[in-house]
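Chemist: Next comes upload.tsv, TSV, C-alpha atoms and all ligand atoms:
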```
chain	number	residue	atom	x	y	z
A	751	MET	CA	41.62	27.28	31.28
A	752	THR	CA	42.74	27.36	27.66
A	753	SER	CA	40.23	25.89	25.20
A	754	SER	CA	41.45	23.13	22.91
A	755	ALA	CA	40.84	25.38	19.86
A	756	ALA	CA	42.94	28.16	21.40
A	757	LEU	CA	45.68	25.69	22.32
A	758	GLU	CA	45.74	24.30	18.76
A	759	ALA	CA	45.99	27.84	17.37
A	760	SER	CA	48.92	28.54	19.73
A	761	ARG	CA	50.64	25.35	18.58
A	762	GLN	CA	50.30	26.37	14.92
A	763	GLU	CA	51.50	29.91	15.60
A	764	LEU	CA	54.54	28.54	17.42
A	765	VAL	CA	55.48	26.43	14.39
A	766	ALA	CA	55.21	29.53	12.17
A	767	LEU	CA	57.33	31.59	14.59
A	768	HIS	CA	60.10	28.99	14.54
A	769	LEU	CA	60.14	29.24	10.75
A	770	GLU	CA	60.41	33.01	11.17
A	771	LEU	CA	63.67	32.48	13.10
A	772	VAL	CA	64.97	30.46	10.14
A	773	ARG	CA	63.77	33.01	7.58
A	774	SER	CA	65.44	35.82	9.53
A	775	GLY	CA	68.74	33.92	9.66
A	776	LEU	CA	68.84	33.75	13.45
A	777	VAL	CA	69.32	29.99	13.86
A	778	VAL	CA	71.32	27.06	12.50
A	779	TRP	CA	70.58	23.35	12.93
A	780	THR	CA	68.29	23.12	16.00
A	781	ALA	CA	69.93	25.84	18.13
A	782	GLY	CA	67.11	28.22	18.90
A	783	ASN	CA	63.63	28.04	20.35
A	784	VAL	CA	60.42	29.92	20.96
A	785	SER	CA	57.88	29.36	23.72
A	786	ALA	CA	54.41	30.78	24.32
A	787	ARG	CA	52.49	31.04	27.58
A	788	VAL	CA	49.05	29.55	26.93
A	789	SER	CA	47.54	29.93	30.43
A	790	PRO	CA	48.77	31.53	33.66
A	791	ASP	CA	50.63	28.34	34.55
A	792	THR	CA	51.39	26.52	31.28
A	793	PHE	CA	53.45	27.16	28.17
A	794	LEU	CA	54.22	25.51	24.84
A	795	ILE	CA	57.82	25.05	23.68
A	796	LYS	CA	59.81	23.48	20.85
A	797	PRO	CA	60.73	19.79	21.23
A	798	SER	CA	64.43	19.12	21.75
A	799	GLY	CA	66.66	18.25	18.80
A	800	VAL	CA	63.97	18.41	16.09
A	801	GLY	CA	64.88	20.30	12.91
A	802	TYR	CA	62.75	23.33	12.01
A	803	PRO	CA	61.33	21.82	8.79
A	804	GLU	CA	60.07	18.81	10.79
A	805	LEU	CA	58.18	20.84	13.39
A	806	ASP	CA	54.41	20.58	13.39
A	807	ALA	CA	51.67	21.65	15.78
A	808	ALA	CA	51.46	18.25	17.48
A	809	SER	CA	55.20	18.18	18.21
A	810	MET	CA	55.08	21.29	20.42
A	811	VAL	CA	55.42	20.30	24.08
A	812	LEU	CA	53.04	21.61	26.76
A	813	CYS	CA	54.81	22.23	30.09
A	814	ASP	CA	53.94	23.58	33.51
A	815	LEU	CA	55.94	26.41	35.09
A	816	SER	CA	58.34	23.94	36.74
A	817	GLY	CA	59.24	22.80	33.22
A	818	ALA	CA	57.54	19.40	33.65
A	819	VAL	CA	55.82	17.98	30.56
A	820	ILE	CA	52.00	18.02	30.72
A	821	GLU	CA	51.33	16.91	27.15
A	822	GLY	CA	53.64	15.80	24.34
A	823	ASP	CA	55.40	12.72	22.97
A	824	LEU	CA	58.81	14.39	22.64
A	825	SER	CA	61.21	15.84	25.20
A	826	PRO	CA	61.00	19.63	25.48
A	827	SER	CA	63.89	21.91	24.47
A	828	SER	CA	67.00	21.67	26.64
A	829	ASP	CA	66.39	25.37	27.40
A	830	THR	CA	62.97	24.65	28.96
A	831	ALA	CA	64.15	25.33	32.53
A	832	ALA	CA	65.22	28.85	31.53
A	833	HIS	CA	61.89	29.58	29.81
A	834	ALA	CA	59.96	28.18	32.80
A	835	TYR	CA	61.93	30.33	35.25
A	836	VAL	CA	61.10	33.47	33.24
A	837	TYR	CA	57.36	32.62	33.17
A	838	ARG	CA	57.38	31.89	36.92
A	839	HIS	CA	58.95	35.23	37.79
A	840	MET	CA	57.59	37.63	35.13
A	841	ALA	CA	53.79	37.44	35.05
A	842	GLY	CA	53.42	39.85	32.09
A	843	VAL	CA	55.66	37.76	29.83
A	844	HIS	CA	53.77	35.59	27.32
A	845	GLY	CA	56.59	34.71	24.94
A	846	VAL	CA	60.29	33.82	25.25
A	847	VAL	CA	62.83	33.33	22.46
A	848	HIS	CA	66.39	32.00	22.56
A	849	THR	CA	68.89	32.17	19.70
A	850	HIS	CA	72.64	32.16	19.07
A	851	SER	CA	72.26	34.73	16.27
A	852	THR	CA	75.70	35.65	14.99
A	853	TYR	CA	76.21	39.36	15.61
A	854	ALA	CA	74.34	39.57	18.92
A	855	THR	CA	76.19	36.50	20.19
A	856	ALA	CA	79.50	38.07	19.16
A	857	TRP	CA	78.68	40.94	21.56
A	858	ALA	CA	77.72	38.34	24.20
A	859	ALA	CA	81.07	36.59	23.69
A	860	ARG	CA	82.84	39.83	24.64
A	861	GLY	CA	80.41	40.46	27.50
A	862	GLU	CA	79.73	43.86	25.99
A	863	PRO	CA	76.29	45.55	25.99
A	864	ILE	CA	75.19	46.96	22.61
A	865	PRO	CA	75.22	50.75	23.14
A	866	CYS	CA	72.13	52.73	22.22
A	867	VAL	CA	73.40	54.57	19.15
A	868	LEU	CA	70.42	54.06	16.80
A	869	THR	CA	66.92	55.48	17.04
A	870	ALA	CA	65.62	51.97	16.29
A	871	MET	CA	67.36	50.81	19.48
A	872	ALA	CA	65.75	53.57	21.53
A	873	ASP	CA	62.39	52.55	20.02
A	874	GLU	CA	62.57	48.82	20.65
A	875	PHE	CA	64.98	48.50	23.59
A	876	GLY	CA	64.71	51.86	25.37
A	877	GLY	CA	68.49	51.96	25.78
A	878	GLU	CA	71.40	49.58	25.48
A	879	VAL	CA	70.89	45.83	25.08
A	880	PRO	CA	72.26	44.58	28.43
A	881	VAL	CA	74.52	41.64	29.20
A	882	GLY	CA	73.51	38.91	31.64
A	883	PRO	CA	75.83	36.66	33.65
A	884	PHE	CA	77.69	33.58	32.51
A	885	ALA	CA	75.55	30.57	33.43
A	886	LEU	CA	75.65	26.85	32.70
A	887	ILE	CA	72.64	25.13	31.13
A	888	GLY	CA	70.46	23.02	33.42
A	889	GLY	CA	68.92	24.26	36.66
A	890	ASP	CA	67.76	27.80	37.24
A	891	ASP	CA	70.99	29.75	36.64
A	892	ILE	CA	70.20	30.91	33.10
A	893	GLY	CA	66.62	31.83	33.96
A	894	ARG	CA	67.71	33.71	37.07
A	895	GLY	CA	70.30	35.63	35.03
A	896	ILE	CA	67.69	36.61	32.44
A	897	VAL	CA	65.14	37.77	35.03
A	898	GLU	CA	67.67	39.65	37.18
A	899	THR	CA	68.99	41.48	34.13
A	900	LEU	CA	65.64	42.34	32.50
A	901	GLN	CA	63.65	43.27	35.61
A	902	GLY	CA	63.81	47.02	35.91
A	903	HIS	CA	65.21	47.31	32.38
A	904	ARG	CA	63.24	48.47	29.33
A	905	SER	CA	65.05	46.09	26.99
A	906	PRO	CA	63.14	42.92	26.06
A	907	ALA	CA	66.49	41.36	25.05
A	908	VAL	CA	69.47	40.21	27.11
A	909	LEU	CA	72.84	38.99	25.84
A	910	MET	CA	73.78	36.09	28.11
A	911	ARG	CA	77.56	36.24	28.42
A	912	ASN	CA	79.49	33.75	26.24
A	913	HIS	CA	76.17	32.21	25.15
A	914	GLY	CA	73.50	34.03	23.15
A	915	VAL	CA	70.30	36.01	23.15
A	916	PHE	CA	67.12	35.62	25.21
A	917	THR	CA	64.15	37.87	24.50
A	918	ILE	CA	60.78	38.29	26.18
A	919	GLY	CA	57.49	39.70	24.96
A	920	ARG	CA	53.84	40.29	25.73
A	921	SER	CA	53.32	37.60	23.08
A	922	ALA	CA	55.55	35.00	21.45
A	923	ARG	CA	55.41	37.11	18.29
A	924	ASP	CA	56.68	40.18	20.20
A	925	ALA	CA	59.56	38.11	21.59
A	926	VAL	CA	60.47	36.94	18.06
A	927	LYS	CA	60.35	40.54	16.85
A	928	ALA	CA	62.75	41.54	19.66
A	929	ALA	CA	65.12	38.72	18.65
A	930	VAL	CA	65.07	39.87	15.01
A	931	MET	CA	65.61	43.52	15.99
A	932	CYS	CA	68.38	42.57	18.43
A	933	GLU	CA	70.36	40.82	15.70
A	934	ASP	CA	69.73	43.69	13.27
A	935	VAL	CA	71.07	46.38	15.60
A	936	ALA	CA	73.95	44.16	16.77
A	937	ARG	CA	75.05	43.92	13.13
A	938	THR	CA	74.61	47.62	12.35
A	939	VAL	CA	76.44	48.82	15.46
A	940	HIS	CA	79.22	46.32	14.76
A	941	VAL	CA	79.61	47.64	11.20
A	942	SER	CA	79.51	51.23	12.43
A	943	ARG	CA	82.29	50.54	14.89
A	944	GLN	CA	84.57	49.27	12.13
A	945	LEU	CA	84.73	52.81	10.78
A	946	GLY	CA	84.94	54.78	14.02
A	947	GLU	CA	83.12	55.28	17.28
A	948	PRO	CA	79.30	55.38	17.02
A	949	LEU	CA	77.73	58.52	18.50
A	950	PRO	CA	75.58	58.13	21.61
A	951	ILE	CA	71.97	59.39	21.73
A	952	ALA	CA	71.16	61.72	24.64
A	953	ALA	CA	69.23	59.96	27.44
A	954	ASP	CA	66.19	62.25	27.21
A	955	ASP	CA	65.98	61.67	23.46
A	956	VAL	CA	66.12	57.91	24.10
A	957	ASP	CA	63.23	58.33	26.54
A	958	ARG	CA	61.16	60.34	24.05
A	959	LEU	CA	61.79	57.90	21.19
A	960	HIS	CA	60.95	54.90	23.36
A	961	ASP	CA	57.77	56.47	24.69
A	962	ARG	CA	56.55	57.43	21.24
A	963	TYR	CA	57.28	54.04	19.73
A	964	GLN	CA	55.72	52.06	22.56
A	965	ASN	CA	52.62	54.25	22.92
A	966	VAL	CA	51.90	56.10	19.67
A	967	TYR	CA	53.55	54.34	16.73
A	968	GLY	CA	51.66	51.95	14.43
A	969	GLN	CA	48.01	51.20	13.79
A	970	ARG	CA	45.62	51.86	16.66
A	1001	ZN	ZN	71.74	28.43	23.83
```
As C-alpha cells - that is how I would like this structure written.
Modeler:
Amino acid sequence: MTSSAALEASRQELVALHLELVRSGLVVWTAGNVSARVSPDTFLIKPSGVGYPELDAASMVLCDLSGAVIEGDLSPSSDTAAHAYVYRHMAGVHGVVHTHSTYATAWAARGEPIPCVLTAMADEFGGEVPVGPFALIGGDDIGRGIVETLQGHRSPAVLMRNHGVFTIGRSARDAVKAAVMCEDVARTVHVSRQLGEPLPIAADDVDRLHDRYQNVYGQR
C-alpha cells in the first residue's frame, strides 16, 4: 500500500513532469498526458481538459487498472483507458506518456518507423522507433496496439499510426525522457533526410551501443 506521503510526492512529481512536456515543446493546449503507477494496481494521471498551468497535486486523478477513478474531483484524461491497459499488461512499467509532438507525429502520420541512424537512437531505443496500428480512442484498442508493438521490442516509444507518440518507462520520469528523446531524433532524422538518405548503423553496433548505454553509462 502506498503511504499518503509517497502518494503526495508522486502527485507533485507528476505536475512537474507535465510542465516538462511544455518546456520541451511536446504539447499544445491540453493534448498530452503523463501517468505514474503508484502501487501494483493503481496509477495517477492528468485530469481531462485542464491546462498545464492550472495543474496542481490535488487535481491528479487516482485510478485503478480498469481506469476507474478511486480518488479525484475531476474526470481523468480521455487517454486513461490506454494508460490502464499498458499497466495491466506490462508489470515493469511505472510511467506512461502520450503526446502529439510535431516531428514524431509527422512520422506517425505516414505510418513510417524512424530508422535507427543515430547513436543516440541506438542508446535510448535500441533500434528503430516502431509504428503501432491505427486505433480509435475509447476502449482497449489503443492500449492493445501499444502493448503488442512494444512487447518484445527494446524501444520505450511507439508511434501510433495517424495519431501520436506513447512512451513507457520504469518511472514516469523515464517515460518523459523517452518522449523528449523521441521527438528529438524524429526531428534530426527528418532534417537529415531532406539532404539525402541517412546511413544505417550496423545491427551489432546498435546492440553494443544500447547495451553500454543501458548498463554502463551515467552515474552509478
Ligand atoms: Zn492523442
Chemist: With distances taken over all atoms listed in the file, which residue among A:Ala858, A:Ala936, A:Ile892, A:Leu812 lies nearest Tyr835 in chain A?
Modeler: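 The shortest atom-to-atom distance to Tyr835 in chain A comes from A:Ile892.
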Chemist: So which residues touch Ile887 in chain A within 9 Å, counting only C-alpha atoms, skipping near sequence neighbours fewer than 3 positions away, as a PyMOL selection string?
Modeler: chain A and resi 828-829+831-832+890-892
Chemist: Under the rule of at most 8 Å, produce a per-residue listing of chain A near ligand ZN 1001 (chain A): chain, number, name, the closest pair of atoms, and the distance in Å, as JSON lines, using only C-alpha atoms and all ligand atoms.
Modeler:
```
{"residue": "A:Ala781", "atom": "CA", "partner": "A:ZN1001", "partner_atom": "ZN", "distance": 6.5}
{"residue": "A:Gly782", "atom": "CA", "partner": "A:ZN1001", "partner_atom": "ZN", "distance": 6.8}
{"residue": "A:Asp829", "atom": "CA", "partner": "A:ZN1001", "partner_atom": "ZN", "distance": 7.1}
{"residue": "A:His848", "atom": "CA", "partner": "A:ZN1001", "partner_atom": "ZN", "distance": 6.6}
{"residue": "A:Thr849", "atom": "CA", "partner": "A:ZN1001", "partner_atom": "ZN", "distance": 6.3}
{"residue": "A:His850", "atom": "CA", "partner": "A:ZN1001", "partner_atom": "ZN", "distance": 6.1}
{"residue": "A:His913", "atom": "CA", "partner": "A:ZN1001", "partner_atom": "ZN", "distance": 6.0}
{"residue": "A:Gly914", "atom": "CA", "partner": "A:ZN1001", "partner_atom": "ZN", "distance": 5.9}
{"residue": "A:Val915", "atom": "CA", "partner": "A:ZN1001", "partner_atom": "ZN", "distance": 7.7}
```
Chemist: Using all atoms listed in the file, can you list as a list of chain:residue names the residues within 10 Å of (71.4, 59.2, 20.7)?
Modeler: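 It turns out the residues near that spot are A:Pro865, A:Cys866, A:Val867, A:Leu868, A:Thr869, A:Met871, A:Ala872, A:Gly877, A:Pro948, A:Leu949, A:Pro950, A:Ile951, A:Ala952, A:Ala953, A:Asp954, A:Asp955, A:Val956, A:Leu959.
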Chemist: Counting all atoms listed in the file, which residue out of A:Thr852, A:Ala841, A:Ala759, A:Met931 sits closest to Val879 in chain A?
Modeler: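 Among the listed residues, the smallest separation from Val879 in chain A belongs to A:Met931.
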Chemist: Quick one: distance from CA of Ala870 in chain A to CA of Val846 in chain A in Å, one decimal?
Modeler: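 Value for the CA of Ala870 in chain A-CA of Val846 in chain A distance: 20.9 Å.
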Chemist: Distance CA of Asp934 in chain A-CA of Arg773 in chain A, one decimal place?
Modeler: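 Separating CA of Asp934 in chain A from CA of Arg773 in chain A is a distance of 13.5 Å.
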Chemist: Given only C-alpha atoms as the basis, pick out the residue of A:Gly968, A:Gly817, A:Pro863, A:Pro826 nearest to Asn783 in chain A.
Modeler: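 Closest residue, counting only C-alpha atoms: A:Pro826.
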Chemist: Could you check how far CA of Arg920 in chain A sits from CA of Gly799 in chain A, in Å to one decimal?
Modeler: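 If I compute the distance from CA of Arg920 in chain A to CA of Gly799 in chain A, I get 26.4 Å.
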Chemist: Residues of range 831-865 of chain A within 10 Å of range 898-907 of chain A: nearest atom pair and distance (Å, one decimal) for each, counting all atoms listed in the file, sorted by chain and number, as a tab-separated table?
Modeler:
```
residue	atom	partner	partner_atom	distance
A:Val836	CA	A:Glu898	CA	9.8
A:His839	CA	A:Gln901	CA	9.6
A:Met840	CA	A:Gln901	CA	8.3
A:Val843	CA	A:Pro906	CA	9.8
A:Val846	CA	A:Pro906	CA	9.6
A:Val847	CA	A:Ala907	CA	9.2
A:His848	CA	A:Ala907	CA	9.7
```
Chemist: For Ser760 in chain A, which residue out of A:Asp957, A:Asp806, A:Asp823, A:Glu947 is the nearest one, using all atoms listed in the file?
Modeler: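 Among the listed residues, A:Asp806 lies closest to Ser760 in chain A.
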Chemist: Have a look at A:Gly822, A:Gly888, A:Gly861, A:Pro880 and name the one nearest to Cys932 in chain A; count only C-alpha atoms.
Modeler: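 Counting only C-alpha atoms, the residue closest to Cys932 in chain A is A:Pro880.
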Chemist: Enumerate, as a PyMOL selection string, the protein, DNA and RNA residues whose atoms approach (59.9, 28.9, 13.5) to within 10 Å, taking into account only C-alpha atoms and the coordinate frame of the file.
Modeler: chain A and resi 763-774+777+782-784+796+801-803+805-806+926
Chemist: Compare A:Arg923, A:Arg761, A:Arg838, A:Arg943 by their minimum atom-to-atom distance to Pro790 in chain A, counting only C-alpha atoms, and give me the closest one.
Modeler: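 The answer is A:Arg838, which sits nearest to Pro790 in chain A.
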Chemist: Would you kindly place all heavy atoms on range 831-842 of chain A and return the model as a PDB file, in the coordinates of the input?
Modeler:
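Final file, rebuild35.pdb:
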```
ATOM      1  N   ALA A 831      64.046  24.828  31.150  1.00  0.00           N
ATOM      2  CA  ALA A 831      64.150  25.330  32.530  1.00  0.00           C
ATOM      3  C   ALA A 831      64.287  26.853  32.545  1.00  0.00           C
ATOM      4  O   ALA A 831      63.700  27.525  33.406  1.00  0.00           O
ATOM      5  CB  ALA A 831      65.335  24.685  33.250  1.00  0.00           C
ATOM      6  N   ALA A 832      65.034  27.387  31.583  1.00  0.00           N
ATOM      7  CA  ALA A 832      65.220  28.850  31.530  1.00  0.00           C
ATOM      8  C   ALA A 832      63.908  29.544  31.180  1.00  0.00           C
ATOM      9  O   ALA A 832      63.532  30.551  31.797  1.00  0.00           O
ATOM     10  CB  ALA A 832      66.306  29.198  30.507  1.00  0.00           C
ATOM     11  N   HIS A 833      63.185  29.002  30.179  1.00  0.00           N
ATOM     12  CA  HIS A 833      61.890  29.580  29.810  1.00  0.00           C
ATOM     13  C   HIS A 833      60.932  29.522  31.007  1.00  0.00           C
ATOM     14  O   HIS A 833      60.238  30.493  31.307  1.00  0.00           O
ATOM     15  CB  HIS A 833      61.279  28.822  28.626  1.00  0.00           C
ATOM     16  CG  HIS A 833      61.998  29.011  27.321  1.00  0.00           C
ATOM     17  ND1 HIS A 833      61.410  29.659  26.240  1.00  0.00           N
ATOM     18  CD2 HIS A 833      63.232  28.640  26.902  1.00  0.00           C
ATOM     19  CE1 HIS A 833      62.262  29.658  25.218  1.00  0.00           C
ATOM     20  NE2 HIS A 833      63.365  29.042  25.596  1.00  0.00           N
ATOM     21  N   ALA A 834      60.889  28.361  31.676  1.00  0.00           N
ATOM     22  CA  ALA A 834      59.960  28.180  32.800  1.00  0.00           C
ATOM     23  C   ALA A 834      60.265  29.175  33.917  1.00  0.00           C
ATOM     24  O   ALA A 834      59.346  29.758  34.512  1.00  0.00           O
ATOM     25  CB  ALA A 834      60.055  26.748  33.331  1.00  0.00           C
ATOM     26  N   TYR A 835      61.550  29.387  34.189  1.00  0.00           N
ATOM     27  CA  TYR A 835      61.930  30.330  35.250  1.00  0.00           C
ATOM     28  C   TYR A 835      61.426  31.731  34.924  1.00  0.00           C
ATOM     29  O   TYR A 835      60.884  32.425  35.797  1.00  0.00           O
ATOM     30  CB  TYR A 835      63.461  30.340  35.413  1.00  0.00           C
ATOM     31  CG  TYR A 835      63.916  31.129  36.626  1.00  0.00           C
ATOM     32  CD1 TYR A 835      64.184  30.481  37.831  1.00  0.00           C
ATOM     33  CD2 TYR A 835      64.053  32.517  36.573  1.00  0.00           C
ATOM     34  CE1 TYR A 835      64.585  31.201  38.954  1.00  0.00           C
ATOM     35  CE2 TYR A 835      64.446  33.243  37.697  1.00  0.00           C
ATOM     36  CZ  TYR A 835      64.718  32.570  38.876  1.00  0.00           C
ATOM     37  OH  TYR A 835      65.100  33.289  39.989  1.00  0.00           O
ATOM     38  N   VAL A 836      61.567  32.134  33.644  1.00  0.00           N
ATOM     39  CA  VAL A 836      61.100  33.470  33.240  1.00  0.00           C
ATOM     40  C   VAL A 836      59.586  33.575  33.440  1.00  0.00           C
ATOM     41  O   VAL A 836      59.096  34.553  34.013  1.00  0.00           O
ATOM     42  CB  VAL A 836      61.475  33.759  31.775  1.00  0.00           C
ATOM     43  CG1 VAL A 836      60.829  35.063  31.294  1.00  0.00           C
ATOM     44  CG2 VAL A 836      62.993  33.827  31.619  1.00  0.00           C
ATOM     45  N   TYR A 837      58.827  32.568  33.006  1.00  0.00           N
ATOM     46  CA  TYR A 837      57.360  32.620  33.170  1.00  0.00           C
ATOM     47  C   TYR A 837      56.956  32.633  34.654  1.00  0.00           C
ATOM     48  O   TYR A 837      55.988  33.282  35.025  1.00  0.00           O
ATOM     49  CB  TYR A 837      56.690  31.442  32.447  1.00  0.00           C
ATOM     50  CG  TYR A 837      56.757  31.538  30.940  1.00  0.00           C
ATOM     51  CD1 TYR A 837      57.321  30.522  30.185  1.00  0.00           C
ATOM     52  CD2 TYR A 837      56.252  32.655  30.270  1.00  0.00           C
ATOM     53  CE1 TYR A 837      57.388  30.604  28.795  1.00  0.00           C
ATOM     54  CE2 TYR A 837      56.314  32.750  28.894  1.00  0.00           C
ATOM     55  CZ  TYR A 837      56.883  31.721  28.163  1.00  0.00           C
ATOM     56  OH  TYR A 837      56.942  31.822  26.793  1.00  0.00           O
ATOM     57  N   ARG A 838      57.706  31.911  35.490  1.00  0.00           N
ATOM     58  CA  ARG A 838      57.380  31.890  36.920  1.00  0.00           C
ATOM     59  C   ARG A 838      57.579  33.253  37.574  1.00  0.00           C
ATOM     60  O   ARG A 838      56.858  33.616  38.485  1.00  0.00           O
ATOM     61  CB  ARG A 838      58.283  30.883  37.667  1.00  0.00           C
ATOM     62  CG  ARG A 838      57.897  29.446  37.516  1.00  0.00           C
ATOM     63  CD  ARG A 838      58.394  28.588  38.704  1.00  0.00           C
ATOM     64  NE  ARG A 838      59.822  28.652  38.970  1.00  0.00           N
ATOM     65  CZ  ARG A 838      60.749  27.977  38.284  1.00  0.00           C
ATOM     66  NH1 ARG A 838      60.408  27.219  37.263  1.00  0.00           N
ATOM     67  NH2 ARG A 838      62.019  28.065  38.617  1.00  0.00           N
ATOM     68  N   HIS A 839      58.563  34.004  37.095  1.00  0.00           N
ATOM     69  CA  HIS A 839      58.950  35.230  37.790  1.00  0.00           C
ATOM     70  C   HIS A 839      58.520  36.509  37.092  1.00  0.00           C
ATOM     71  O   HIS A 839      58.673  37.598  37.651  1.00  0.00           O
ATOM     72  CB  HIS A 839      60.467  35.243  38.010  1.00  0.00           C
ATOM     73  CG  HIS A 839      60.905  34.218  39.006  1.00  0.00           C
ATOM     74  ND1 HIS A 839      61.194  32.911  38.666  1.00  0.00           N
ATOM     75  CD2 HIS A 839      61.037  34.291  40.352  1.00  0.00           C
ATOM     76  CE1 HIS A 839      61.523  32.237  39.751  1.00  0.00           C
ATOM     77  NE2 HIS A 839      61.433  33.045  40.788  1.00  0.00           N
ATOM     78  N   MET A 840      58.013  36.423  35.856  1.00  0.00           N
ATOM     79  CA  MET A 840      57.590  37.630  35.130  1.00  0.00           C
ATOM     80  C   MET A 840      56.188  37.376  34.580  1.00  0.00           C
ATOM     81  O   MET A 840      56.015  36.842  33.469  1.00  0.00           O
ATOM     82  CB  MET A 840      58.594  37.959  34.010  1.00  0.00           C
ATOM     83  CG  MET A 840      60.010  38.204  34.526  1.00  0.00           C
ATOM     84  SD  MET A 840      61.225  38.612  33.225  1.00  0.00           S
ATOM     85  CE  MET A 840      61.180  40.411  33.292  1.00  0.00           C
ATOM     86  N   ALA A 841      55.182  37.783  35.367  1.00  0.00           N
ATOM     87  CA  ALA A 841      53.790  37.440  35.050  1.00  0.00           C
ATOM     88  C   ALA A 841      53.331  38.033  33.714  1.00  0.00           C
ATOM     89  O   ALA A 841      52.490  37.453  33.034  1.00  0.00           O
ATOM     90  CB  ALA A 841      52.882  37.910  36.180  1.00  0.00           C
ATOM     91  N   GLY A 842      53.868  39.192  33.325  1.00  0.00           N
ATOM     92  CA  GLY A 842      53.420  39.850  32.090  1.00  0.00           C
ATOM     93  C   GLY A 842      54.041  39.272  30.831  1.00  0.00           C
ATOM     94  O   GLY A 842      53.678  39.668  29.723  1.00  0.00           O
TER      95      GLY A 842
END
```
